[in-house]
Amino acid sequence: MNRYNPLEIEEKWQKIWEKEKPFRALEKSKSKTGEEKPKKFLAEMFPYPSGAGLHVGHVRNFTIVDVLARYYSQNGYNVLRPFGYDTFGLPAENYAIKTGVSPKVATETNVKNFRTQLKRLGYFIDWDREINTSDPEYYRWTQWCFLQLFKKGLAYQKESYQWWCPVDQTVLANEQVENGHCWRCGSEVEKKKMKQWFFKITEYADELLDSIDSLDWPEKIKTMQKNWIGRSRGAEIDFEIASNAEKVKVFTTRPDTIFGATFLVLAPEHPLIKSLVNENTKSAVEKYCADALKKSEIERQENKEKTGVFTGSYALNPATGEKIPIWVADYVLIGYGTGAIMAVPAGDDRDREFAEKFDLPIKKITEVPDKPFGEPKTTYRMRDWLISRQRYWGCPIPIAYDKNGVAHAIPESELPVLIPEVDDYRPDNSGRSALSKATDWLKVKVPVTDPETGKTTLEEMTRETDTLDGYACSSWYLWRYASPKDKKNAWNPDQIAYWEPLDVYCGADHAVAHLLYIRFWCKFFADEGKLPFREPIEKLLYNGYINAPDGKKMSKSKGNVIDPLDVIDSGYGADTLRTYEMFIGPYDLDAAWNPRSVGGVHRFLNRCWNLVFQEESVVKKNPTEFSCTKKTLSDSFPTTALRHKTIKKVTDDIERSAFNTAISCLMEYVNELYKSGASAEDLITLGKLLKPFAPHLASEILEHLSADDSWPAYDEKYLVADTVEVVVQVNGKLRGRLSVSVDFLEDEEKLKSLALADPNVKKFVKTPPLKTIFVKPAKLLNLVVKN
RNA sequence: GCCCGAGUGGCGGAAUUGGUAUACGCGUUCGACUUAAAAUCGAAUGAGAAAACUCAUAUGGGUUCAAGUCCCAUCUCGGGCACCA
């Protein structure tokens, strides 16, 4: 046979897989043998299909899932590994604005390209379950989900100050603002007062927080989510205003420090400020508040120097009865607690700094109240999820407004609300999306029932022109995977009961946003009786990034992007690429691309090929036992123990997601077989163990040896040798090695005398040992002596 | 500032429960094959030493028969949050 030619082999097997569809998940009811297979449902975070095609980072992410899918499949599981595309979003829309190509067309092209590339990697994907969030058949159900939340009051409108990206001309969720910059275009965000749609995620704040500990997720992600939710327990205390009947409600985590409260501070946006100013202070306070709003959040963050202004009014400290001044300052945030604080400069650094700057009293806390002041209150750092986007290429919000501006749900029977075709995709300056330009589409008749007569009439209304945050589309796709073609339901309850929750989810991003939102929706739909579980993801693998060879992030502008298709086409093939990305290091750490190491992995696969297909001139085969056709072997065959050891190690390593060491173990195995010769059983085992990583080559090997791909079992009895090495230490230092019969491991006295007979050990043992310690699993004997 | 991680050869990394530190790969050196090169195969490869050994897992202490692993302190790097009362 010829040399290892990956491109030829890969094309052959990809054609076979395309035709035979071996990666289709079995419907539970259709289980062939009658005997039910256990299920495994695995998925990666579905990608945004960009015009650039697959990235090596995608390949790492998808290959992890692929290794597991193939491993579980080889172990007899009914595996569901679907695939999808997160296709709504700004890149397609901005491309449309630039080129005039509609986002729909551009998206179709990109998805097609992605699919072709994915197939060239030989992925174990059930292609009959492909989904796409901008497909009307998909987004009608996104709209349905919205309506369920709307019905329960968990989708609501609120006028408030929100993050606004002036370049993308849309509002953003808190989770999409990174250091005061837009997560997509990087421009500085502003605050804008707008009426917007929200999902009431705070309703589930406690459960989202309390159930984190039970998740089999990386601690890093769990901590980030805990911090994001940021629960604080404290109290709300009313402070009476000296000059009028109003009260200022403050939130504090330390109500016990109230004796040290010497002034109050309100956020510049606080509604009570108007009633607190007098003729002397009015203009200064108004100017301060207006400036604070104008200041970008960056400025507010960068300039930690305290600023503020006195309102002219006083409040009464309920503990001391003292009159204390009320100030306005931007270090108090309107969105947290009550937007007002009692300042305790003796106990709080920020308050002290403020008091020192404005010469306000600092009073030592000498007394603690017997009965606590105020009402116990819990607050959260997390805010409700802002879901309106003033952009064209998103899922339309299924809402219309009557002539009084009241929001009405579009009836479920009228879904989907399709995205209208427009000529100009640009949002306008008014803060409305391009949907507002589809004048015919805007008009809709919605049935309204008169509460008195009970009569239903059709009323002409105007459609909502905002679209949904893309994260809404990805908050339920894992459930759609269970029944992606269902025309009657967002998800089919029987299929959900069988497949879900997801066993393993793998991704490298969205630690708080997506992974929090999907938990929120899961709890909501569980409360609705639509899901039989409260956490959607059993196990989360959060993989690291792949960086350029210099360790820096790959980016088009730096010109250091490695294209996975180039790696394949250069002659290495997909198996080398996949195996290399699993070998590059622990899956959860960032890694730098190393072109030479790719060559090393290719050499390894080449050696695998040679072992099976090459003539004796290259590989020294076992002179007595080697035969590719011989299926039964004696236990005394020289590589039997090694084979069983390798099976155990590779199995254990895949189970604990240590893909890099699983591969190094296979390398050792192959190196050893090169030296000692291989039996047919050894080679079949190699093919089986290799298949999750290099499925094309492994399929070729197994076909050649007429073997199936069932995962091999190991037998403990082969893992114990007749003769074992016992390490001898003196005071913890290695001084000798004994080769002894395995029976001696039971006889510590015998080992001790053998050790003391060793000339090298003798040199270090001048007096009889005080004690000896024998560690059986490590086969280590430590002699403790006093010399 | 606060909260997490992580520091091991020339490089990526291994050591899973406190028990033989440096597996595997890259690189380098030498050898075989070749007119030659590539490819391939074999050998060596933490530092010092001829060797016995000694010293090495960021730094300094500690616990232990035994520490890369546990404890305390310090330094460096990475990530997250950041005026959240």
# chains A, B, ... in the order shown; residues from 1 in each chain; ligands from 1
>>> interface_residues(of="chain B", to="chain A", cutoff="6 Å", atoms="only C-alpha atoms (C1' of nucleotides)", output="PyMOL selection string")
chain B and resi 24+26+65-66+83-85
>>> write_last_selection(atoms="N, CA, C and O atoms (P, O5', C5', C4', C3', O3' and C1' of nucleotides)", output="mmCIF file, in the first residue's frame")
data_model
loop_
_atom_site.group_PDB
_atom_site.id
_atom_site.type_symbol
_atom_site.label_atom_id
_atom_site.label_comp_id
_atom_site.auth_asym_id
_atom_site.auth_seq_id
_atom_site.Cartn_x
_atom_site.Cartn_y
_atom_site.Cartn_z
ATOM 1 P P C B 24 8.364 9.682 26.722
ATOM 2 O "O5'" C B 24 7.195 10.443 25.946
ATOM 3 C "C5'" C B 24 6.007 9.767 25.553
ATOM 4 C "C4'" C B 24 5.044 10.751 24.911
ATOM 5 C "C3'" C B 24 5.671 11.654 23.853
ATOM 6 O "O3'" C B 24 5.777 10.997 22.601
ATOM 7 C "C1'" C B 24 4.419 12.979 25.323
ATOM 8 P P C B 26 8.042 15.412 17.655
ATOM 9 O "O5'" C B 26 8.315 16.973 17.830
ATOM 10 C "C5'" C B 26 7.504 17.915 17.149
ATOM 11 C "C4'" C B 26 7.867 19.306 17.591
ATOM 12 C "C3'" C B 26 9.301 19.725 17.328
ATOM 13 O "O3'" C B 26 9.511 20.082 15.972
ATOM 14 C "C1'" C B 26 8.684 20.376 19.503
ATOM 15 P P C B 65 7.203 12.596 60.646
ATOM 16 O "O5'" C B 65 8.121 12.058 59.474
ATOM 17 C "C5'" C B 65 9.464 11.666 59.760
ATOM 18 C "C4'" C B 65 10.023 10.967 58.553
ATOM 19 C "C3'" C B 65 9.831 11.690 57.230
ATOM 20 O "O3'" C B 65 10.839 12.661 57.034
ATOM 21 C "C1'" C B 65 9.183 9.440 56.978
ATOM 22 P P A B 66 10.461 14.045 56.397
ATOM 23 O "O5'" A B 66 9.953 13.615 54.954
ATOM 24 C "C5'" A B 66 10.893 13.184 53.983
ATOM 25 C "C4'" A B 66 10.191 12.800 52.714
ATOM 26 C "C3'" A B 66 9.318 13.883 52.110
ATOM 27 O "O3'" A B 66 10.099 14.760 51.330
ATOM 28 C "C1'" A B 66 8.134 11.840 52.143
ATOM 29 P P C B 83 -17.642 51.516 39.592
ATOM 30 O "O5'" C B 83 -17.689 52.034 41.084
ATOM 31 C "C5'" C B 83 -16.819 51.505 42.058
ATOM 32 C "C4'" C B 83 -17.116 52.168 43.379
ATOM 33 C "C3'" C B 83 -18.593 52.173 43.733
ATOM 34 O "O3'" C B 83 -18.754 52.001 45.132
ATOM 35 C "C1'" C B 83 -17.776 54.397 43.583
ATOM 36 P P C B 84 -18.730 50.468 45.661
ATOM 37 O "O5'" C B 84 -20.173 49.911 45.305
ATOM 38 C "C5'" C B 84 -21.306 50.378 46.009
ATOM 39 C "C4'" C B 84 -22.387 49.321 45.970
ATOM 40 C "C3'" C B 84 -21.828 47.901 46.037
ATOM 41 O "O3'" C B 84 -22.623 47.118 46.857
ATOM 42 C "C1'" C B 84 -23.005 48.223 43.998
ATOM 43 P P A B 85 -22.826 46.598 48.013
ATOM 44 O "O5'" A B 85 -22.627 47.724 49.123
ATOM 45 C "C5'" A B 85 -23.694 48.066 49.902
ATOM 46 C "C4'" A B 85 -23.401 49.391 50.538
ATOM 47 C "C3'" A B 85 -24.608 50.012 51.245
ATOM 48 O "O3'" A B 85 -24.753 49.520 52.566
ATOM 49 C "C1'" A B 85 -23.625 51.613 49.827
#
>>> select_by_dssp(residues="region 348-384 of chain A", states="helix (DSSP H, G or I)", output="MDAnalysis selection string")
chainID A and resid 349:358
>>> residues_around(residues="A39 (chain B)", least_positions_apart="3", cutoff="12 Å", atoms="only C-alpha atoms (C1' of nucleotides)", output="JSON, numbers by chain")
{"A": [3, 603, 606], "B": [33, 34]}
>>> write_last_selection(atoms="C-alpha atoms (C1' of nucleotides)", output="compact mmCIF listing (two decimals), in the first residue's frame")
# COMPACT_ATOMS: atom_id res chain seq x y z
CA ARG A 3 2.01 6.34 1.85
CA ARG A 603 4.25 12.30 12.11
CA ASN A 606 1.80 8.75 9.79
C1' C B 33 19.87 5.12 4.86
C1' U B 34 21.22 8.50 0.40
>>> residues_around(residues="G60 (chain B)", least_positions_apart="6", cutoff="12 Å", atoms="only C-alpha atoms (C1' of nucleotides)", output="JSON, numbers by chain")
{"B": [72, 73, 74, 75]}
>>> write_last_selection(atoms="N, CA and C atoms (P, O5', C5', C4', C3', O3' and C1' of nucleotides)", output="PDB file, in the first residue's frame")
ATOM      1  P     C B  72      -2.893  29.429  54.281  1.00  0.00           P
ATOM      2  O5'   C B  72      -1.649  30.193  54.885  1.00  0.00           O
ATOM      3  C5'   C B  72      -1.641  30.596  56.257  1.00  0.00           C
ATOM      4  C4'   C B  72      -0.338  31.290  56.573  1.00  0.00           C
ATOM      5  C3'   C B  72       0.061  32.413  55.629  1.00  0.00           C
ATOM      6  O3'   C B  72      -0.628  33.609  55.887  1.00  0.00           O
ATOM      7  C1'   C B  72       1.935  31.042  56.046  1.00  0.00           C
ATOM      8  P     A B  73      -0.919  34.604  54.660  1.00  0.00           P
ATOM      9  O5'   A B  73       0.527  35.206  54.350  1.00  0.00           O
ATOM     10  C5'   A B  73       1.105  36.158  55.237  1.00  0.00           C
ATOM     11  C4'   A B  73       2.527  36.440  54.833  1.00  0.00           C
ATOM     12  C3'   A B  73       2.714  37.050  53.452  1.00  0.00           C
ATOM     13  O3'   A B  73       2.441  38.433  53.420  1.00  0.00           O
ATOM     14  C1'   A B  73       4.265  35.303  53.748  1.00  0.00           C
ATOM     15  P     U B  74       1.873  39.095  52.082  1.00  0.00           P
ATOM     16  O5'   U B  74       3.143  39.109  51.116  1.00  0.00           O
ATOM     17  C5'   U B  74       4.280  39.904  51.441  1.00  0.00           C
ATOM     18  C4'   U B  74       5.415  39.592  50.501  1.00  0.00           C
ATOM     19  C3'   U B  74       5.135  39.804  49.021  1.00  0.00           C
ATOM     20  O3'   U B  74       5.205  41.160  48.630  1.00  0.00           O
ATOM     21  C1'   U B  74       6.235  37.736  49.308  1.00  0.00           C
ATOM     22  P     C B  75       4.293  41.649  47.409  1.00  0.00           P
ATOM     23  O5'   C B  75       5.085  41.100  46.148  1.00  0.00           O
ATOM     24  C5'   C B  75       6.413  41.551  45.879  1.00  0.00           C
ATOM     25  C4'   C B  75       7.008  40.757  44.744  1.00  0.00           C
ATOM     26  C3'   C B  75       6.212  40.754  43.454  1.00  0.00           C
ATOM     27  O3'   C B  75       6.409  41.930  42.692  1.00  0.00           O
ATOM     28  C1'   C B  75       6.880  38.553  43.940  1.00  0.00           C
TER      29        C B  75
END
